[in-house]
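Peer 1: Contents of target_15.cif (mmCIF, C-alpha atoms):
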data_structure
loop_
_atom_site.label_atom_id
_atom_site.label_comp_id
_atom_site.auth_asym_id
_atom_site.auth_seq_id
_atom_site.Cartn_x
_atom_site.Cartn_y
_atom_site.Cartn_z
CA MET A 1 0.37 -7.34 26.30
CA SER A 2 -0.02 -10.64 24.45
CA LYS A 3 1.38 -10.59 20.93
CA THR A 4 -1.02 -13.37 19.91
CA LEU A 5 -4.66 -12.83 18.97
CA SER A 6 -7.07 -15.63 19.91
CA ILE A 7 -10.47 -15.80 18.15
CA LYS A 8 -13.02 -18.46 19.13
CA ASN A 9 -16.33 -16.91 18.06
CA LYS A 10 -17.64 -15.75 14.71
CA ILE A 11 -18.67 -12.11 14.39
CA LYS A 12 -22.31 -11.31 15.31
CA LYS A 13 -24.57 -9.62 12.76
CA PHE A 14 -23.98 -5.84 12.59
CA ASN A 15 -25.17 -2.60 10.99
CA LYS A 16 -22.46 0.01 11.55
CA GLN A 17 -20.74 3.09 10.16
CA ILE A 18 -16.95 3.48 10.40
CA GLN A 19 -14.10 5.63 9.15
CA VAL A 20 -10.69 4.08 8.40
CA SER A 21 -7.26 5.65 8.81
CA GLY A 22 -5.68 7.87 6.15
CA ASP A 23 -4.42 6.33 2.91
CA LYS A 24 -0.87 5.01 3.45
CA SER A 25 0.33 5.64 -0.12
CA LEU A 26 -0.88 9.25 0.02
CA SER A 27 0.41 9.80 3.57
CA ILE A 28 3.98 8.85 2.60
CA ARG A 29 3.85 10.81 -0.66
CA TRP A 30 2.54 13.90 1.17
CA VAL A 31 5.44 13.69 3.67
CA LEU A 32 8.09 13.40 0.94
CA LEU A 33 6.64 16.11 -1.34
CA ALA A 34 6.03 18.50 1.58
CA SER A 35 9.74 18.11 2.40
CA GLN A 36 10.54 19.45 -1.11
CA ALA A 37 8.07 22.35 -0.96
CA ILE A 38 8.91 25.86 0.23
CA GLY A 39 7.30 26.73 3.56
CA LYS A 40 4.73 25.19 5.90
CA SER A 41 2.56 22.29 4.68
CA LYS A 42 -0.19 20.72 6.81
CA GLY A 43 -1.42 17.13 6.48
CA TYR A 44 -4.79 16.20 8.02
CA ASN A 45 -5.89 12.60 8.79
CA LEU A 46 -2.28 11.51 8.24
CA LEU A 47 -1.94 7.78 8.92
CA MET A 48 0.07 7.51 12.14
CA SER A 49 1.51 4.06 11.43
CA GLU A 50 5.11 2.89 11.79
CA ASP A 51 5.65 3.29 8.01
CA VAL A 52 4.53 6.94 8.01
CA LEU A 53 6.37 7.75 11.26
CA ALA A 54 9.50 6.28 9.64
CA ALA A 55 8.96 8.69 6.69
CA LEU A 56 8.68 11.65 9.09
CA ASP A 57 11.79 10.48 10.94
CA SER A 58 13.69 10.19 7.63
CA ILE A 59 13.04 13.78 6.55
CA LYS A 60 13.87 15.01 10.09
CA LYS A 61 17.29 13.31 9.80
CA LEU A 62 17.71 15.23 6.53
CA GLY A 63 17.20 18.56 8.33
CA ILE A 64 13.46 19.13 7.74
CA LYS A 65 11.41 20.41 10.70
CA VAL A 66 8.31 18.36 11.59
CA LYS A 67 5.63 19.10 14.21
CA ILE A 68 2.84 16.67 15.07
CA HIS A 69 -0.26 18.43 16.42
CA ASN A 70 -3.50 16.94 17.69
CA LYS A 71 -5.43 17.36 14.41
CA TYR A 72 -2.66 17.66 11.81
CA CYS A 73 1.03 17.27 11.02
CA GLU A 74 3.14 20.24 9.94
CA ILE A 75 6.24 20.05 7.74
CA LEU A 76 8.49 23.04 7.11
CA GLY A 77 9.95 22.38 3.67
CA GLU A 78 13.23 23.86 2.44
CA GLY A 79 12.54 23.50 -1.29
CA ILE A 80 13.81 21.02 -3.89
CA ASN A 81 17.04 19.41 -2.70
CA GLY A 82 16.77 21.46 0.50
CA PHE A 83 17.99 18.55 2.62
CA LYS A 84 21.00 18.97 4.94
CA TYR A 85 23.38 16.11 4.27
CA LYS A 86 25.39 15.10 7.33
CA LYS A 87 28.22 12.57 7.49
CA ASN A 88 27.42 8.94 8.37
CA LEU A 89 23.66 9.41 8.01
CA THR A 90 21.47 6.29 8.25
CA ILE A 91 17.82 6.26 7.22
CA ASN A 92 15.64 3.42 8.50
CA ALA A 93 12.69 2.57 6.22
CA LYS A 94 11.61 -0.16 8.71
CA ASN A 95 8.94 -2.29 6.96
CA SER A 96 8.03 0.23 4.25
CA GLY A 97 8.90 -0.60 0.65
CA THR A 98 7.15 2.63 -0.40
CA LEU A 99 9.38 4.75 1.82
CA GLY A 100 12.56 2.78 1.08
CA ARG A 101 12.20 3.06 -2.68
CA LEU A 102 10.70 6.56 -2.92
CA ILE A 103 13.19 8.32 -0.65
CA LEU A 104 16.10 7.05 -2.79
CA GLY A 105 14.62 9.12 -5.63
CA LEU A 106 14.97 12.27 -3.50
CA LEU A 107 18.61 11.48 -2.60
CA ILE A 108 20.16 11.41 -6.08
CA LYS A 109 22.05 14.66 -5.39
CA SER A 110 23.39 13.68 -1.97
CA PRO A 111 27.05 14.77 -1.84
CA LYS A 112 27.69 12.31 1.01
CA LYS A 113 26.98 8.59 1.27
CA ILE A 114 23.64 7.88 2.95
CA ARG A 115 22.91 4.42 4.31
CA LEU A 116 19.41 2.96 3.90
CA ILE A 117 18.36 0.11 6.17
CA GLY A 118 15.07 -1.73 6.83
CA ASP A 119 13.63 -4.50 8.94
CA LYS A 120 14.15 -8.22 8.28
CA SER A 121 11.24 -8.39 5.82
CA LEU A 122 12.23 -5.29 3.80
CA SER A 123 15.86 -6.48 3.72
CA LYS A 124 14.76 -9.55 1.74
CA ARG A 125 13.17 -7.47 -1.02
CA ASP A 126 14.77 -6.64 -4.36
CA PHE A 127 16.05 -3.05 -4.58
CA SER A 128 17.73 -3.42 -7.98
CA ARG A 129 14.40 -2.60 -9.62
CA ILE A 130 14.89 0.98 -8.38
CA THR A 131 18.68 1.32 -8.03
CA LEU A 132 19.20 0.44 -11.73
CA PRO A 133 17.12 3.39 -13.06
CA LEU A 134 18.51 5.74 -10.38
CA GLU A 135 22.05 4.84 -11.51
CA LYS A 136 21.11 6.27 -14.92
CA PHE A 137 20.65 9.66 -13.20
CA GLY A 138 24.27 9.37 -11.97
CA ALA A 139 23.71 8.02 -8.43
CA LYS A 140 26.06 5.31 -7.16
CA PHE A 141 24.99 2.41 -4.92
CA TYR A 142 27.02 0.27 -2.52
CA TYR A 143 25.70 -3.01 -1.15
CA LYS A 144 26.64 -5.48 1.55
CA THR A 145 24.47 -8.13 -0.19
CA LYS A 146 23.84 -7.37 -3.87
CA ASN A 147 20.48 -5.68 -4.58
CA LYS A 148 19.33 -5.95 -0.95
CA LEU A 149 19.28 -3.64 2.07
CA PRO A 150 21.36 -2.33 3.72
CA LEU A 151 22.69 -0.19 0.88
CA SER A 152 24.36 3.21 0.57
CA ILE A 153 23.65 5.89 -2.03
CA LEU A 154 26.02 8.59 -3.23
CA GLY A 155 24.37 11.20 -5.41
CA SER A 156 25.53 13.17 -8.44
CA GLN A 157 25.54 16.97 -8.77
CA SER A 158 24.92 16.73 -12.51
CA ALA A 159 21.80 14.55 -12.59
CA LYS A 160 20.10 14.67 -15.99
CA GLY A 161 16.67 13.39 -17.01
CA ILE A 162 16.49 9.78 -18.19
CA LYS A 163 14.30 7.46 -20.27
CA TYR A 164 12.86 4.66 -18.15
CA LEU A 165 10.70 1.63 -18.89
CA GLU A 166 8.75 0.43 -15.84
CA ASP A 167 7.36 -2.93 -16.96
CA LYS A 168 6.39 -4.56 -13.64
CA GLY A 169 3.41 -2.37 -12.76
CA SER A 170 5.21 -1.05 -9.67
CA ALA A 171 3.97 2.38 -8.54
CA GLN A 172 6.91 2.51 -6.09
CA CYS A 173 9.52 2.26 -8.85
CA LYS A 174 7.68 4.73 -11.10
CA SER A 175 7.26 7.23 -8.23
CA SER A 176 10.90 6.99 -7.17
CA VAL A 177 11.99 7.93 -10.72
CA MET A 178 9.41 10.74 -10.74
CA LEU A 179 10.87 12.13 -7.48
CA ALA A 180 14.38 11.86 -8.93
CA ALA A 181 13.16 13.92 -11.91
CA LEU A 182 12.53 16.86 -9.51
CA ASN A 183 16.30 17.04 -9.03
CA SER A 184 17.35 16.52 -12.66
CA SER A 185 17.90 18.88 -15.56
CA GLY A 186 16.08 18.26 -18.83
CA THR A 187 13.13 15.90 -19.24
CA THR A 188 12.57 12.49 -17.67
CA THR A 189 10.44 10.21 -19.84
CA ILE A 190 8.75 7.17 -18.31
CA LYS A 191 6.88 4.39 -20.08
CA ALA A 192 5.06 2.71 -17.20
CA LYS A 193 2.87 -0.38 -17.05
CA LYS A 194 -0.47 0.55 -15.45
CA SER A 195 -0.22 1.09 -11.67
CA ARG A 196 -1.67 3.45 -9.05
CA ASN A 197 -1.30 7.09 -10.10
CA HIS A 198 -1.24 9.07 -6.81
CA SER A 199 2.16 10.59 -7.65
CA GLU A 200 0.97 11.84 -11.05
CA LEU A 201 -2.13 13.44 -9.50
CA LEU A 202 -0.09 15.13 -6.77
CA PHE A 203 2.45 16.40 -9.33
CA LYS A 204 -0.39 17.91 -11.38
CA TYR A 205 -2.00 19.48 -8.31
CA LEU A 206 1.37 20.99 -7.27
CA LYS A 207 1.87 22.41 -10.79
CA ILE A 208 5.03 20.35 -11.36
CA PRO A 209 5.56 20.23 -15.16
CA ILE A 210 4.16 16.78 -15.99
CA ARG A 211 2.45 15.38 -19.07
CA VAL A 212 0.68 12.01 -18.98
CA LYS A 213 -0.53 10.17 -22.07
CA LYS A 214 -2.50 6.99 -21.39
CA THR A 215 -2.71 4.00 -23.71
CA LYS A 216 -4.36 0.64 -23.08
CA ASN A 217 -1.41 -1.03 -21.32
CA TYR A 218 1.05 1.77 -20.57
CA ASP A 219 1.17 5.38 -19.38
CA PHE A 220 3.72 7.70 -20.99
CA ILE A 221 4.91 10.33 -18.52
CA ASP A 222 7.15 13.34 -19.22
CA ILE A 223 8.46 15.38 -16.26
CA LYS A 224 10.55 18.56 -16.35
CA GLN A 225 12.36 19.91 -13.30
CA PRO A 226 10.15 22.53 -11.57
CA LYS A 227 11.61 25.84 -10.40
CA LYS A 228 9.91 25.35 -7.03
CA ILE A 229 7.05 23.59 -5.25
CA MET A 230 4.84 25.69 -3.00
CA ALA A 231 3.78 24.45 0.47
CA PHE A 232 0.37 22.76 0.45
CA ASP A 233 -2.29 21.51 2.86
CA TYR A 234 -3.79 18.08 2.26
CA GLN A 235 -6.74 16.19 3.78
CA ILE A 236 -5.80 12.54 3.39
CA PRO A 237 -8.81 10.32 2.54
CA GLY A 238 -9.41 6.84 4.00
CA ASP A 239 -7.33 3.95 2.68
CA ILE A 240 -9.07 1.51 0.27
CA SER A 241 -6.56 -1.24 1.21
CA SER A 242 -7.50 -0.90 4.88
CA SER A 243 -11.21 -0.68 3.96
CA ALA A 244 -10.93 -3.95 1.98
CA PHE A 245 -10.68 -6.01 5.18
CA PHE A 246 -14.00 -4.61 6.45
CA ILE A 247 -15.60 -4.88 3.00
CA VAL A 248 -14.82 -8.62 2.98
CA LEU A 249 -15.79 -9.01 6.67
CA THR A 250 -19.26 -7.65 5.80
CA ILE A 251 -19.63 -9.68 2.57
CA LEU A 252 -18.89 -12.92 4.46
CA ALA A 253 -20.81 -12.09 7.68
CA ASN A 254 -24.49 -12.96 8.16
CA ASN A 255 -27.27 -10.37 7.70
CA SER A 256 -24.90 -7.43 8.08
CA LYS A 257 -24.43 -3.96 6.65
CA LEU A 258 -21.53 -1.48 6.85
CA LEU A 259 -20.96 2.08 5.66
CA ILE A 260 -17.31 3.21 5.38
CA LYS A 261 -17.02 7.01 5.14
CA ASN A 262 -14.65 9.11 2.97
CA VAL A 263 -12.56 6.45 1.24
CA ASN A 264 -10.16 7.13 -1.63
CA ILE A 265 -11.64 5.34 -4.67
CA ASN A 266 -8.93 6.37 -7.14
CA PRO A 267 -9.65 4.25 -10.29
CA SER A 268 -6.09 2.84 -10.17
CA ARG A 269 -6.82 1.42 -6.69
CA ILE A 270 -10.34 -0.03 -6.77
CA GLY A 271 -9.68 -3.36 -8.48
CA VAL A 272 -10.86 -4.98 -5.24
CA ILE A 273 -14.35 -3.47 -5.66
CA THR A 274 -14.51 -4.39 -9.36
CA ILE A 275 -13.42 -8.00 -8.68
CA LEU A 276 -15.75 -8.52 -5.70
CA LYS A 277 -18.75 -7.08 -7.57
CA LYS A 278 -18.04 -9.48 -10.47
CA MET A 279 -18.21 -12.27 -7.85
CA GLY A 280 -21.66 -11.11 -6.75
CA ALA A 281 -20.79 -8.97 -3.73
CA LYS A 282 -23.25 -6.23 -2.76
CA ILE A 283 -21.15 -3.04 -2.78
CA SER A 284 -22.28 0.47 -3.75
CA LEU A 285 -20.55 3.86 -3.81
CA ARG A 286 -22.31 6.86 -2.23
CA ASN A 287 -21.63 10.64 -2.10
CA GLN A 288 -18.78 10.61 -4.63
CA LYS A 289 -16.68 13.76 -4.94
CA ASP A 290 -13.33 14.94 -6.29
CA TYR A 291 -10.50 16.17 -4.07
CA ARG A 292 -7.20 17.42 -5.52
CA GLY A 293 -7.52 15.00 -8.43
CA GLU A 294 -8.43 12.02 -6.22
CA ARG A 295 -11.94 10.50 -6.09
CA ILE A 296 -13.53 10.13 -2.65
CA SER A 297 -16.65 8.15 -1.73
CA ASP A 298 -18.60 6.46 1.04
CA ILE A 299 -18.79 2.68 0.51
CA LEU A 300 -21.92 0.71 1.46
CA ILE A 301 -21.49 -3.07 1.82
CA GLN A 302 -24.07 -5.78 2.58
CA SER A 303 -23.74 -9.48 3.35
CA SER A 304 -23.66 -11.42 0.08
CA ASN A 305 -24.92 -15.01 -0.10
CA ASN A 306 -24.76 -15.92 -3.79
CA LEU A 307 -21.05 -15.49 -4.46
CA LYS A 308 -19.64 -17.04 -7.61
CA GLY A 309 -16.11 -17.93 -8.69
CA ILE A 310 -14.16 -15.69 -11.06
CA ASN A 311 -11.58 -16.08 -13.80
CA CYS A 312 -9.93 -12.82 -12.77
CA PRO A 313 -8.67 -10.66 -15.68
CA SER A 314 -4.94 -9.89 -15.24
CA LYS A 315 -5.58 -6.27 -16.19
CA LEU A 316 -7.17 -5.80 -12.72
CA ASN A 317 -4.09 -7.09 -10.86
CA SER A 318 -2.22 -3.80 -10.38
CA SER A 319 -5.33 -2.04 -9.06
CA ALA A 320 -5.91 -4.77 -6.45
CA ILE A 321 -2.37 -5.97 -5.70
CA ASP A 322 -2.59 -5.30 -1.94
CA GLU A 323 -6.08 -6.75 -1.58
CA PHE A 324 -5.73 -10.22 -3.11
CA LEU A 325 -5.37 -11.99 0.25
CA VAL A 326 -8.89 -10.98 1.28
CA ILE A 327 -10.23 -11.52 -2.25
CA PHE A 328 -8.99 -15.13 -1.85
CA LEU A 329 -11.24 -15.46 1.24
CA VAL A 330 -14.27 -14.49 -0.85
CA ALA A 331 -13.19 -17.04 -3.50
CA ALA A 332 -13.07 -19.68 -0.73
CA LYS A 333 -16.81 -19.09 -0.06
CA ALA A 334 -17.83 -18.66 -3.71
CA LYS A 335 -19.54 -21.30 -5.84
CA GLY A 336 -17.17 -22.82 -8.39
CA ILE A 337 -13.46 -22.38 -9.11
CA SER A 338 -11.72 -19.00 -9.03
CA TYR A 339 -8.53 -18.45 -11.04
CA PHE A 340 -6.04 -15.62 -10.46
CA LYS A 341 -3.00 -15.39 -12.74
CA ASP A 342 0.11 -13.24 -13.44
CA LEU A 343 0.54 -12.60 -9.71
CA ALA A 344 4.30 -13.12 -9.30
CA GLU A 345 4.42 -9.54 -7.90
CA LEU A 346 2.50 -10.77 -4.82
CA ASN A 347 5.54 -12.77 -3.73
CA GLN A 348 7.66 -9.58 -3.87
CA LYS A 349 5.68 -8.04 -0.99
CA GLU A 350 6.40 -8.05 2.76
CA SER A 351 6.11 -11.84 2.66
CA PRO A 352 5.57 -14.27 -0.24
CA ARG A 353 1.84 -13.47 -0.13
CA LEU A 354 0.70 -15.72 -2.96
CA ASN A 355 2.25 -18.73 -1.19
CA TRP A 356 0.88 -17.66 2.19
CA GLY A 357 -2.62 -17.05 0.82
CA SER A 358 -2.67 -20.62 -0.54
CA LYS A 359 -1.25 -22.03 2.69
CA ILE A 360 -3.90 -20.36 4.89
CA LEU A 361 -6.73 -21.51 2.60
CA ASN A 362 -5.35 -25.08 2.79
CA MET A 363 -5.30 -24.86 6.61
CA MET A 364 -8.97 -23.82 6.41
CA GLY A 365 -9.76 -26.94 4.35
CA VAL A 366 -9.98 -25.19 0.99
CA LYS A 367 -8.32 -26.87 -2.01
CA THR A 368 -5.96 -24.71 -4.09
CA GLU A 369 -3.63 -25.23 -7.06
CA LEU A 370 -0.60 -22.97 -6.85
CA THR A 371 2.11 -22.06 -9.37
CA LYS A 372 4.81 -19.42 -9.06
CA ASP A 373 2.43 -16.77 -10.41
CA SER A 374 -1.12 -18.16 -10.25
CA ILE A 375 -3.66 -19.76 -7.93
CA LYS A 376 -6.85 -21.76 -8.45
CA ILE A 377 -9.24 -21.74 -5.50
CA TYR A 378 -11.98 -24.38 -5.23
CA GLY A 379 -14.82 -22.56 -3.48
CA GLN A 380 -16.97 -24.08 -0.73
CA PRO A 381 -20.17 -22.01 -0.19
CA ASP A 382 -21.03 -24.02 2.96
CA LEU A 383 -17.52 -23.92 4.49
CA LYS A 384 -17.57 -23.89 8.28
CA ILE A 385 -14.39 -24.37 10.29
CA THR A 386 -14.49 -26.16 13.66
CA LYS A 387 -10.80 -27.06 14.11
CA SER A 388 -7.89 -25.09 15.61
CA ILE A 389 -5.65 -23.04 13.30
CA THR A 390 -2.37 -21.31 14.23
CA ILE A 391 -0.80 -18.66 11.99
CA LYS A 392 2.85 -17.82 12.69
CA ASN A 393 6.32 -17.34 11.13
CA TYR A 394 5.00 -15.14 8.30
CA LEU A 395 7.66 -12.37 8.46
CA LYS A 396 5.25 -10.18 10.46
CA ASP A 397 3.35 -9.24 7.29
CA HIS A 398 0.48 -7.01 8.48
CA ARG A 399 -1.83 -8.18 5.68
CA ILE A 400 -1.37 -11.86 6.60
CA PHE A 401 -2.40 -11.01 10.18
CA MET A 402 -5.47 -9.06 9.03
CA MET A 403 -6.52 -11.68 6.45
CA SER A 404 -6.34 -14.37 9.17
CA THR A 405 -8.43 -12.23 11.54
CA ILE A 406 -11.18 -11.78 8.93
CA ALA A 407 -11.11 -15.54 8.13
CA ALA A 408 -11.46 -16.41 11.83
CA LEU A 409 -14.38 -13.99 12.34
CA THR A 410 -16.34 -15.21 9.31
CA PHE A 411 -15.57 -18.94 8.89
CA GLY A 412 -15.31 -20.00 12.56
CA GLY A 413 -12.82 -22.32 14.27
CA GLN A 414 -10.36 -21.58 17.06
CA TRP A 415 -7.60 -19.35 15.73
CA LYS A 416 -4.30 -18.27 17.25
CA ILE A 417 -2.71 -15.53 15.13
CA HIS A 418 0.81 -14.53 16.15
CA ASN A 419 2.55 -11.13 15.78
CA LYS A 420 -0.38 -8.89 16.66
CA ASP A 421 1.95 -5.86 16.56
CA SER A 422 2.54 -6.37 12.81
CA ILE A 423 -0.50 -4.11 12.15
CA ASN A 424 1.40 -1.13 13.58
CA SER A 425 3.30 -0.77 10.31
CA SER A 426 0.18 0.05 8.28
CA PHE A 427 -3.06 0.04 10.28
CA PRO A 428 -2.63 0.42 14.07
CA THR A 429 -6.39 0.92 14.67
CA PHE A 430 -7.46 -2.27 12.84
CA LEU A 431 -8.43 -4.25 15.97
CA LYS A 432 -10.14 -1.22 17.56
CA ILE A 433 -12.42 -0.92 14.50
CA ILE A 434 -13.14 -4.70 14.64
CA LYS A 435 -14.26 -4.16 18.26
CA ILE A 436 -16.51 -1.24 17.25
CA ILE A 437 -18.16 -3.39 14.57
CA ASN A 438 -18.52 -6.42 16.87
CA ASN A 439 -20.04 -4.53 19.82
CA LYS A 440 -23.78 -4.04 20.02
#
What would the structure in this file look like if it were written as structure tokens?
Peer 2:
Amino acid sequence: MSKTLSIKNKIKKFNKQIQVSGDKSLSIRWVLLASQAIGKSKGYNLLMSEDVLAALDSIKKLGIKVKIHNKYCEILGEGINGFKYKKNLTINAKNSGTLGRLILGLLIKSPKKIRLIGDKSLSKRDFSRITLPLEKFGAKFYYKTKNKLPLSILGSQSAKGIKYLEDKGSAQCKSSVMLAALNSSGTTTIKAKKSRNHSELLFKYLKIPIRVKKTKNYDFIDIKQPKKIMAFDYQIPGDISSSAFFIVLTILANNSKLLIKNVNINPSRIGVITILKKMGAKISLRNQKDYRGERISDILIQSSNNLKGINCPSKLNSSAIDEFLVIFLVAAKAKGISYFKDLAELNQKESPRLNWGSKILNMMGVKTELTKDSIKIYGQPDLKITKSITIKNYLKDHRIFMMSTIAALTFGGQWKIHNKDSINSSFPTFLKIIKIINNK
């Protein structure tokens, strides 16, 4: 099978209904928390991507039984710190920063050294942002290259709650400390810059002793060690980050309409919808309901012709951090200049995404002004691409591949996009859904 995707024709007009795969953030959190529960937990609509399969493989290596059935996944938890720690154990987080950082929080009582490795992209990312707070619990870390994978963790049997300031807006770092708190005596207190709150909602649903006080810029979270967590079943809603590609595809396509069913619209995740609506996109939420603290909705999108540039408020950054690449595509078609600032975090992702977003727009003929943490995009409402564009050497970042696919289908040109298999880490059915939308 070719690992390069060639696109020569723009997408035809469409009126379709789709469902996207399960939310990746919730899928990984369900796996890790089910491993700490007592008894049999079932996860429905679990995202079967490489990242989530790596999470399942990790808990299996730690002695937890996992069964994958046709309609659900079953995890037989052994309770808090119920892992079996073998000698010379290596856990492979592959491409998943969420898994790599969160699982370290569950290993702070490991009596034996456990090695954590990842792929080339994950091995370039900074792990000190999570190893430093976990050291406060008493864990020790050993590196080959300072602050990078591979690393080894050796836990402490006398882990005590800590005080932690999370000032980057990283839900991964916050959640890792929250998971470490499950294994620590006393209270763990976190002052966290606003970021997605799936872990807090799951902790509340599972009756883990947690108190959250929200202020304008920070959340103050207190967690006490629970006596136990009971097994739980969970129906994982569709992923807003995956939906974003089809939202933008529809906005930029001609005379088209799309309904995406059962998507998680957690307020800490829907910055993409807020930003795009401010730019004039036609998006509406239908059939909203609550599920275990999360908000679920159908999303109706229509082609949008009168898009306008935006001076994007920084306060929306954390709730749209994974969607900025496709937001940039909308800015490329919008009237006027769009300005996005305080986005240094984007370059801490699977690839330096801020730089790559600018580079791809430049290849398309769109003018940008880039700094280390901001981008100005000079929109061209009549942009049509006729030249050839090749996208490669981008550290196999799944979102770069998907952004390029949406650009090719909506702006035209002859595109060759390398590393088609990069989508397997987060959204293996992406191209299948594109086919469904593009077929009459």
Peer 1: Can you work out which one of A:Leu46, A:Ile11, A:Cys173, A:Leu53 has the shortest atom-to-atom distance to A:Arg101, counting only C-alpha atoms?
Peer 2: A:Cys173
Peer 1: What is the atom CA of A:Gly336-atom CA of A:Lys257 distance in Å, reported with one decimal?
Peer 2: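 Pair atom CA of A:Gly336 / atom CA of A:Lys257 returns 25.2 Å.
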Peer 1: Could you spell out the hits of the PyMOL selection byres ((chain A and resi 116-121) around 7) on the shown file, as an mmCIF file with C-alpha atoms, keeping the file's coordinate frame?
Peer 2:
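Final file, part-v8.cif:
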data_model
loop_
_atom_site.group_PDB
_atom_site.id
_atom_site.type_symbol
_atom_site.label_atom_id
_atom_site.label_comp_id
_atom_site.auth_asym_id
_atom_site.auth_seq_id
_atom_site.Cartn_x
_atom_site.Cartn_y
_atom_site.Cartn_z
ATOM 1 C CA THR A 90 21.470 6.290 8.250
ATOM 2 C CA ILE A 91 17.820 6.260 7.220
ATOM 3 C CA ASN A 92 15.640 3.420 8.500
ATOM 4 C CA ALA A 93 12.690 2.570 6.220
ATOM 5 C CA LYS A 94 11.610 -0.160 8.710
ATOM 6 C CA ASN A 95 8.940 -2.290 6.960
ATOM 7 C CA ILE A 114 23.640 7.880 2.950
ATOM 8 C CA ARG A 115 22.910 4.420 4.310
ATOM 9 C CA LEU A 122 12.230 -5.290 3.800
ATOM 10 C CA SER A 123 15.860 -6.480 3.720
ATOM 11 C CA LYS A 124 14.760 -9.550 1.740
ATOM 12 C CA LEU A 149 19.280 -3.640 2.070
ATOM 13 C CA PRO A 150 21.360 -2.330 3.720
ATOM 14 C CA LEU A 151 22.690 -0.190 0.880
ATOM 15 C CA SER A 152 24.360 3.210 0.570
ATOM 16 C CA GLU A 350 6.400 -8.050 2.760
ATOM 17 C CA SER A 351 6.110 -11.840 2.660
ATOM 18 C CA LEU A 395 7.660 -12.370 8.460
#
Peer 1: Report as a list in words all protein, DNA and RNA residues lying within 6 Å of stretch 288-295 of chain A, evaluated on all atoms listed in the file, omitting residues in the same chain fewer than 4 positions from it.
Peer 2: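 That gives Leu201, Asn264, Ile265 and Asn266 of chain A.
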Peer 1: Would you write out those residues with C-alpha atoms, as a CSV table (one decimal), in the frame of the given file?
Peer 2:
chain,number,residue,atom,x,y,z
A,201,LEU,CA,-2.1,13.4,-9.5
A,264,ASN,CA,-10.2,7.1,-1.6
A,265,ILE,CA,-11.6,5.3,-4.7
A,266,ASN,CA,-8.9,6.4,-7.1
Peer 1: Decode the PyMOL selection byres ((chain A and resi 131-147) around 8) for the given file into explicit residues and return them as a list in words.
Peer 2: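 So the PyMOL selection byres ((chain A and resi 131-147) around 8), applied here, picks out Gly105, Ile108, Lys109, Asp126, Phe127, Ser128, Arg129, Ile130, Lys148, Leu149, Pro150, Leu151, Ser152, Ile153, Leu154, Gly155, Ser156, Ser158, Ala159, Lys160, Gly161, Ile162, Tyr164, Val177, Ala180 and Ser184 of chain A.
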Peer 1: Write the residues of the preceding selection, restricted to C-alpha atoms, as a short mmCIF file (atom, residue, chain, number, x, y, z; two decimals), in the coordinates of the input.
Peer 2:
data_model
loop_
_atom_site.label_atom_id
_atom_site.label_comp_id
_atom_site.auth_asym_id
_atom_site.auth_seq_id
_atom_site.Cartn_x
_atom_site.Cartn_y
_atom_site.Cartn_z
CA GLY A 105 14.62 9.12 -5.63
CA ILE A 108 20.16 11.41 -6.08
CA LYS A 109 22.05 14.66 -5.39
CA ASP A 126 14.77 -6.64 -4.36
CA PHE A 127 16.05 -3.05 -4.58
CA SER A 128 17.73 -3.42 -7.98
CA ARG A 129 14.40 -2.60 -9.62
CA ILE A 130 14.89 0.98 -8.38
CA LYS A 148 19.33 -5.95 -0.95
CA LEU A 149 19.28 -3.64 2.07
CA PRO A 150 21.36 -2.33 3.72
CA LEU A 151 22.69 -0.19 0.88
CA SER A 152 24.36 3.21 0.57
CA ILE A 153 23.65 5.89 -2.03
CA LEU A 154 26.02 8.59 -3.23
CA GLY A 155 24.37 11.20 -5.41
CA SER A 156 25.53 13.17 -8.44
CA SER A 158 24.92 16.73 -12.51
CA ALA A 159 21.80 14.55 -12.59
CA LYS A 160 20.10 14.67 -15.99
CA GLY A 161 16.67 13.39 -17.01
CA ILE A 162 16.49 9.78 -18.19
CA TYR A 164 12.86 4.66 -18.15
CA VAL A 177 11.99 7.93 -10.72
CA ALA A 180 14.38 11.86 -8.93
CA SER A 184 17.35 16.52 -12.66
#
Peer 1: Care to translate the PyMOL selection byres ((chain A and resi 377) around 10) into actual residues of this file, as a short mmCIF file (atom, residue, chain, number, x, y, z; two decimals) with C-alpha atoms, keeping the file's coordinate frame?
Peer 2:
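After the write, expr_31.cif holds the following:
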data_model
loop_
_atom_site.label_atom_id
_atom_site.label_comp_id
_atom_site.auth_asym_id
_atom_site.auth_seq_id
_atom_site.Cartn_x
_atom_site.Cartn_y
_atom_site.Cartn_z
CA GLY A 309 -16.11 -17.93 -8.69
CA ILE A 310 -14.16 -15.69 -11.06
CA PHE A 328 -8.99 -15.13 -1.85
CA LEU A 329 -11.24 -15.46 1.24
CA VAL A 330 -14.27 -14.49 -0.85
CA ALA A 331 -13.19 -17.04 -3.50
CA ALA A 332 -13.07 -19.68 -0.73
CA LYS A 333 -16.81 -19.09 -0.06
CA ALA A 334 -17.83 -18.66 -3.71
CA GLY A 336 -17.17 -22.82 -8.39
CA ILE A 337 -13.46 -22.38 -9.11
CA SER A 338 -11.72 -19.00 -9.03
CA TYR A 339 -8.53 -18.45 -11.04
CA PHE A 340 -6.04 -15.62 -10.46
CA SER A 358 -2.67 -20.62 -0.54
CA LEU A 361 -6.73 -21.51 2.60
CA ASN A 362 -5.35 -25.08 2.79
CA VAL A 366 -9.98 -25.19 0.99
CA LYS A 367 -8.32 -26.87 -2.01
CA THR A 368 -5.96 -24.71 -4.09
CA GLU A 369 -3.63 -25.23 -7.06
CA LEU A 370 -0.60 -22.97 -6.85
CA ILE A 375 -3.66 -19.76 -7.93
CA LYS A 376 -6.85 -21.76 -8.45
CA TYR A 378 -11.98 -24.38 -5.23
CA GLY A 379 -14.82 -22.56 -3.48
CA GLN A 380 -16.97 -24.08 -0.73
#
